[in-house]
Amino acid sequence: MRALQHTTVKKGFHLIGNLPAKCLPLGALFIFVLVACPLLGQVKQKKQLTPTDYPLWGNLQLEELSEKGNWVSYSMRYDEQPTDTVFLKNTKTKKMIPFPKGSEGKFNKEESFACLTPAGLAAINLKTNEQQLIPDAVAFAFSANGQYRIVLKKDSNNQNSLEISTSNSQWKEEIKDATVFLLNAAGNKMICSIESNKRNAVLLVNLDNILTKKVLIEDTKYHFTNLAWNASGNALAFFQVALDKTAKKDTKLIYYNCNENNPVSFSLEDQPNIPEDMQMDTGRIIPLTISDDSQKVFFGIKEKDQIENKNNPETVQIWKGSDNWIYPQQKGIQNWKKTVKTAVWWPSKNQCIPITTTKFPRLMLDGKQQWALVYNPMANKPQYQYDDDRNLYLKNLETDESTLWVEKQSANINHLLASPNGKYFVYFKNKNWWIFDLNTKTHRNITEYLGINCEDVDYDNAGEIPAYGIAGWTKNDDSILIYDQYDIWEISPDGKKATRLTAGKEKQICFRIPKNKDGTWNKQNFDGLTSTEVDLDNGLLLQAKGDNLFSGYYFWNRKQREKALVYSNSRIDQILKASKGNAYIFREQKYDSPPSLILKEESKNTPKKLFESNPQHHQYEWGKSELIYYQNAKGKTLKGVLYYPAGYNPAKKYPMIVHLYERQSHELHYYINPSELDSRGFNRTNFTTQGYFVLYPDISYEIGNPGVSALDCVVAATQSVIDKGLVLPNKIGLIGHSFGGYESSFIVTQTDLFATVIAGAAATDLTSWYLTVGWNNGRPEIWRFESQQWRMGKSLFEDMEAYNRNSPVLNAKKIKTPLLFWTGEEDKQVNSNQSIEFYLALRRLEKQATMLVYPKERHELLKEANQKDLTHRIQNWFDYYLKDKQQ
């Protein structure tokens, strides 16, 4: 239990006897403060952080907020301590209740709270403070009306049961042998599956004021799986699978409409439109889905299992130069024959058709599931980007007819969305947003004449420039909300009316609708997305990020436009609003201030701190972060973050480590826990608390010159810090991982500015890596160079000089700096041979270099022992070269 995490560190002062300070001579006062105060305990000396202290630090996560905002739950998670804890706190009285090793906490209105623990479900009545433990609980939920608590239990003998009780536990009922349950979205109905040697069944439970149960189906010859509700919660479906696999019809799909009160079963064998070699797939690759209007059920089908012919094994792989995809990409799908396809069934007329096929194996639906866009990702000639543009076909689900819709559409999943009410598809093409009207079958460019830039102006990778994105649609698909660099625009579907809702451009603040708790804001739609519906009538909560790296949240409505709820020079995130109150809870932090939970009520101007994590922070010397500006050789002003050493003394100069990876200035206010467990072996707080400056510079790239660009910006940033007189110019190290490892490896070939360099999982030979297969996905690595992070923009054969100019291996002869580099032996992201090539080049050139190879590790180190080992080696390496400590 981490109850000590709530210790408050109080700062106070003491009177010097009864004599006011102004009565003392100035010199005497100065001497007294310097000498006497420490003796009197007025200033407590802070400690230096050591690795033995690191396990004290944990990560704060905001979890849930009760519906009126009177209670909040949050968790503290630790790397090396078995003390992860969920905390429950009253926002009015600050009463706190810990749940050691708790998870998945949920509120039942303002009445109760429960969370899972290793001992079972821990529950507490928020009115009476009565606590209860339900042993063997593995999952639970509350009904929407707050009247019932549902708990799935599994005992030590693997016996399952489902306990339904009133929230005050005065009444309960047990359903034996229940294996899984699922509430509908409204939270007023539940289905559960029962499975045992004596009984297999599916029950429908009504969770309204009077609880009722109904057996939908019962048969000991089958088990029932993949329970699913539709969005409105009035229809459900599941698979019925025969326990005897020799049964003629071993798998059926069962559909039940709550309004019609009659289960309907369906078998593929009865359907003339389904090929005979196909069977239902009860896996979850294609999610069992019911249309919003309850008229259709979507499910997966696949080829019937084939017995492998061991007498005819694969003897040769045929790699054809004319193939759109190379052999490793095709192997697993066999021209899409082996992939699971999607079919649709109409229960009312018992009709079924396949939507996707080997010709068109991928799809997304419109918002009302009447139409489908289908496509083949490998139909076009290779374009040497991660996913090639595709030709999309519009398919009418009623007639099964398809027509070409859009050619060479971007594969970016955010560049094609369905409107939530099924009227439109919206897509990004030729730098503009287009709307397709499903009623009139017309395409319309809605942003061309607005004079706004829909493309990301800061994007400097090679290849396609992404759009800022879609914020959502308003009610009934009346208008679409589109982002530009700073603002949100409301545009009518005909493109004739457009209104800028926010004034971010003038304030240099980027306004966005916050993502959901799970990190999304659009609904998954098979292989695409359906846009979120946004209610402008009730106003919007907006996330705000300033160019100056201030952050926070604003509230917007049509009358007042945006008004700051909270906005400051810190990192503010994870906001939650009470569903039936005016309370907001958010997390706030700075590099030198641990994450805290803050309560903000609309009726009050001053936020209130509810909890500060890691209070031991105040006992230790700590650094600070500072935003710096510098210019590259082209005169472009860039940002960087300079982290000061703990206990900084302006009369002293310090060693410095420069960490690089594209843009990093957004990390200005990240509070970083010290830790020896880092998958890349570098933790900035470890070093600032050990007497180092750490610099995180931003890099601006020129297409065709990734290494040269990094050299220019990193040297400029480093020199700007040297010019401040803060650091020892001959004691500066450089470190990077992955793309940052490549940049570090290249920079050391071009300058002697750095005393030592460390590179992890680096690509070092651009020619050989360009001509390598990425074995994590089977794709040629060419896409990384021509249309992504390596930013070459051309093929190797169009500009071989540029590839050679930016290749560390080919410039290794110029290196004069000692290097340490490391790789995971089984790295499939950047093949470990890239590190080995660099090692062999340096070895042959008799350069000072050491390589670490971690067996059974990949692009980042996952084993704790290896993480600690790498962390220690990097620390010792920098201490040796930058502090002259003997190893």
# chains A, B, ... in the order shown; residues from 1 in each chain; ligands from 1

call {"tool": "residues_around", "arguments": {"residues": "Gly736 in chain A", "least_positions_apart": "5", "cutoff": "7 Å", "atoms": "only C-alpha atoms", "output": "count of residues only"}}
result
8

call {"tool": "select_by_dssp", "arguments": {"residues": "range 654-779 of chain A", "states": "alpha helix (DSSP H)", "output": "PyMOL selection string"}}
result
chain A and resi 684-688+706-723+739-747+766-770

call {"tool": "closest_residue", "arguments": {"among": "A:Val534, A:Asn683, A:Gln159, A:Ile452", "to": "Thr499 in chain A", "atoms": "only C-alpha atoms"}}
result
A:Ile452

call {"tool": "residues_around", "arguments": {"residues": "range 853-861 of chain A", "least_positions_apart": "4", "cutoff": "12 Å", "atoms": "only C-alpha atoms", "output": "PDB file with C-alpha atoms, in the first residue's frame"}}
result
ATOM      1  CA  LEU A 677      14.288   0.215 -16.379  1.00  0.00           C
ATOM      2  CA  ASP A 678      14.338   1.886 -19.758  1.00  0.00           C
ATOM      3  CA  SER A 679      14.026  -0.063 -22.999  1.00  0.00           C
ATOM      4  CA  ARG A 680      16.604   2.233 -24.619  1.00  0.00           C
ATOM      5  CA  GLY A 681      18.914   2.608 -21.627  1.00  0.00           C
ATOM      6  CA  PHE A 682      18.710   6.411 -21.307  1.00  0.00           C
ATOM      7  CA  HIS A 737      18.165   5.357 -30.614  1.00  0.00           C
ATOM      8  CA  SER A 738      16.629   4.007 -33.849  1.00  0.00           C
ATOM      9  CA  PHE A 739      16.374   7.011 -36.205  1.00  0.00           C
ATOM     10  CA  GLY A 741      20.802   6.236 -33.495  1.00  0.00           C
ATOM     11  CA  GLY A 760      21.241   2.290 -30.304  1.00  0.00           C
ATOM     12  CA  ALA A 761      19.556   0.142 -32.984  1.00  0.00           C
ATOM     13  CA  ALA A 762      20.952   2.385 -35.713  1.00  0.00           C
ATOM     14  CA  ALA A 763      20.753   2.106 -39.502  1.00  0.00           C
ATOM     15  CA  TRP A 775      11.102  -8.988 -41.553  1.00  0.00           C
ATOM     16  CA  ASN A 776       8.604  -7.606 -39.036  1.00  0.00           C
ATOM     17  CA  LEU A 820      29.443   2.844 -28.036  1.00  0.00           C
ATOM     18  CA  PHE A 821      26.608   1.278 -29.998  1.00  0.00           C
ATOM     19  CA  TRP A 822      24.136  -1.483 -29.228  1.00  0.00           C
ATOM     20  CA  THR A 823      21.533  -3.653 -30.894  1.00  0.00           C
ATOM     21  CA  GLY A 824      19.094  -6.445 -30.168  1.00  0.00           C
ATOM     22  CA  GLU A 825      20.266  -9.582 -31.918  1.00  0.00           C
ATOM     23  CA  GLU A 826      16.732 -10.306 -33.173  1.00  0.00           C
ATOM     24  CA  ASP A 827      15.843  -6.716 -34.122  1.00  0.00           C
ATOM     25  CA  LYS A 828      13.345  -6.873 -36.997  1.00  0.00           C
ATOM     26  CA  GLN A 829      12.742  -3.122 -37.073  1.00  0.00           C
ATOM     27  CA  VAL A 830      16.327  -2.128 -37.899  1.00  0.00           C
ATOM     28  CA  ASN A 831      18.217  -5.305 -38.696  1.00  0.00           C
ATOM     29  CA  SER A 832      21.120  -5.933 -36.325  1.00  0.00           C
ATOM     30  CA  ASN A 833      23.365  -6.357 -39.375  1.00  0.00           C
ATOM     31  CA  GLN A 834      23.309  -2.567 -39.655  1.00  0.00           C
ATOM     32  CA  SER A 835      25.161  -2.291 -36.334  1.00  0.00           C
ATOM     33  CA  ILE A 836      27.472  -5.132 -37.308  1.00  0.00           C
ATOM     34  CA  TYR A 839      31.320  -2.318 -36.183  1.00  0.00           C
ATOM     35  CA  ALA A 865      17.963  -7.473 -16.532  1.00  0.00           C
ATOM     36  CA  ASN A 866      19.044  -6.213 -19.956  1.00  0.00           C
ATOM     37  CA  GLN A 867      17.445  -2.813 -19.382  1.00  0.00           C
ATOM     38  CA  LYS A 868      19.423  -2.413 -16.164  1.00  0.00           C
ATOM     39  CA  ASP A 869      22.592  -3.640 -17.823  1.00  0.00           C
ATOM     40  CA  LEU A 870      22.318  -1.164 -20.682  1.00  0.00           C
ATOM     41  CA  THR A 871      21.386   1.686 -18.321  1.00  0.00           C
TER      42      THR A 871
END

call {"tool": "closest_residue", "arguments": {"among": "A:Asp219, A:Glu662, A:Glu448, A:Asp592", "to": "Arg571 in chain A", "atoms": "only C-alpha atoms"}}
result
A:Asp592

call {"tool": "residues_around", "arguments": {"residues": "range 321-338 of chain A", "least_positions_apart": "6", "cutoff": "6 Å", "atoms": "only C-alpha atoms", "output": "number ranges by chain"}}
result
A: 358, 381-382, 778

call {"tool": "write_last_selection", "arguments": {"atoms": "N, CA, C and O atoms", "output": "CSV table (one decimal), in the first residue's frame"}}
result
chain,number,residue,atom,x,y,z
A,358,THR,N,-11.6,-12.5,-52.5
A,358,THR,CA,-10.1,-12.5,-52.8
A,358,THR,C,-9.8,-11.3,-53.7
A,358,THR,O,-8.7,-10.8,-53.7
A,381,LYS,N,0.3,-1.0,-58.8
A,381,LYS,CA,1.8,-1.2,-58.9
A,381,LYS,C,2.4,-0.6,-57.7
A,381,LYS,O,1.9,0.4,-57.1
A,382,PRO,N,3.6,-1.1,-57.2
A,382,PRO,CA,4.2,-0.6,-56.0
A,382,PRO,C,4.6,0.9,-56.1
A,382,PRO,O,5.1,1.3,-57.1
A,778,GLY,N,7.5,-7.9,-43.7
A,778,GLY,CA,7.7,-8.5,-45.0
A,778,GLY,C,7.8,-7.5,-46.1
A,778,GLY,O,7.9,-7.8,-47.3

call {"tool": "residues_around", "arguments": {"residues": "Ser112 in chain A", "least_positions_apart": "4", "cutoff": "8 Å", "atoms": "only C-alpha atoms", "output": "list in words"}}
result
Phe107, Asn108, Ala123, Ile124, Asn125, Leu126, Lys127 and Ser167 of chain A

call {"tool": "write_last_selection", "arguments": {"atoms": "C-alpha atoms", "output": "short mmCIF file (atom, residue, chain, number, x, y, z; two decimals), in the first residue's frame"}}
result
data_model
loop_
_atom_site.label_atom_id
_atom_site.label_comp_id
_atom_site.auth_asym_id
_atom_site.auth_seq_id
_atom_site.Cartn_x
_atom_site.Cartn_y
_atom_site.Cartn_z
CA PHE A 107 -18.37 4.13 -9.86
CA ASN A 108 -22.04 3.32 -9.43
CA ALA A 123 -16.54 -2.72 -3.00
CA ILE A 124 -17.43 0.24 -0.81
CA ASN A 125 -20.68 2.02 -0.11
CA LEU A 126 -19.86 5.72 -0.50
CA LYS A 127 -22.74 6.74 1.78
CA SER A 167 -26.06 -2.27 -5.05
#

call {"tool": "residues_around", "arguments": {"residues": "range 226-242 of chain A", "least_positions_apart": "3", "cutoff": "9 Å", "atoms": "only C-alpha atoms", "output": "number ranges by chain"}}
result
A: 180-189, 191-193, 221-223, 245-247, 249-259, 265, 282-284, 287-294, 297

call {"tool": "closest_residue", "arguments": {"among": "A:Trp877, A:Phe266, A:Trp521, A:Tyr644", "to": "Trp622 in chain A", "atoms": "only C-alpha atoms"}}
result
A:Tyr644

call {"tool": "select_by_dssp", "arguments": {"residues": "range 106-355 of chain A", "states": "strand (DSSP E)", "output": "VMD selection string"}}
result
chain A and resid 106 to 108 112 to 117 120 to 125 131 to 135 137 to 142 148 to 154 160 to 166 172 to 176 178 to 183 189 to 195 200 to 206 212 to 218 222 to 229 235 to 242 251 to 257 264 to 266 278 to 281 289 to 290 297 to 303 341 to 346 351 to 354

call {"tool": "closest_residue", "arguments": {"among": "A:Ser196, A:Asn605, A:Gln271, A:Gln369", "to": "Ile353 in chain A", "atoms": "only C-alpha atoms"}}
result
A:Gln271

call {"tool": "atom_distance", "arguments": {"atom1": "CA of Ala467 in chain A", "atom2": "CA of Arg512 in chain A"}}
result
13.8 Å

call {"tool": "residues_around", "arguments": {"residues": "Leu116 in chain A", "least_positions_apart": "5", "cutoff": "6 Å", "atoms": "only C-alpha atoms", "output": "VMD selection string"}}
result
chain A and resid 102 to 103 121

call {"tool": "closest_residue", "arguments": {"among": "A:Pro51, A:Pro361, A:Pro354, A:Pro697", "to": "Glu401 in chain A", "atoms": "only C-alpha atoms"}}
result
A:Pro354
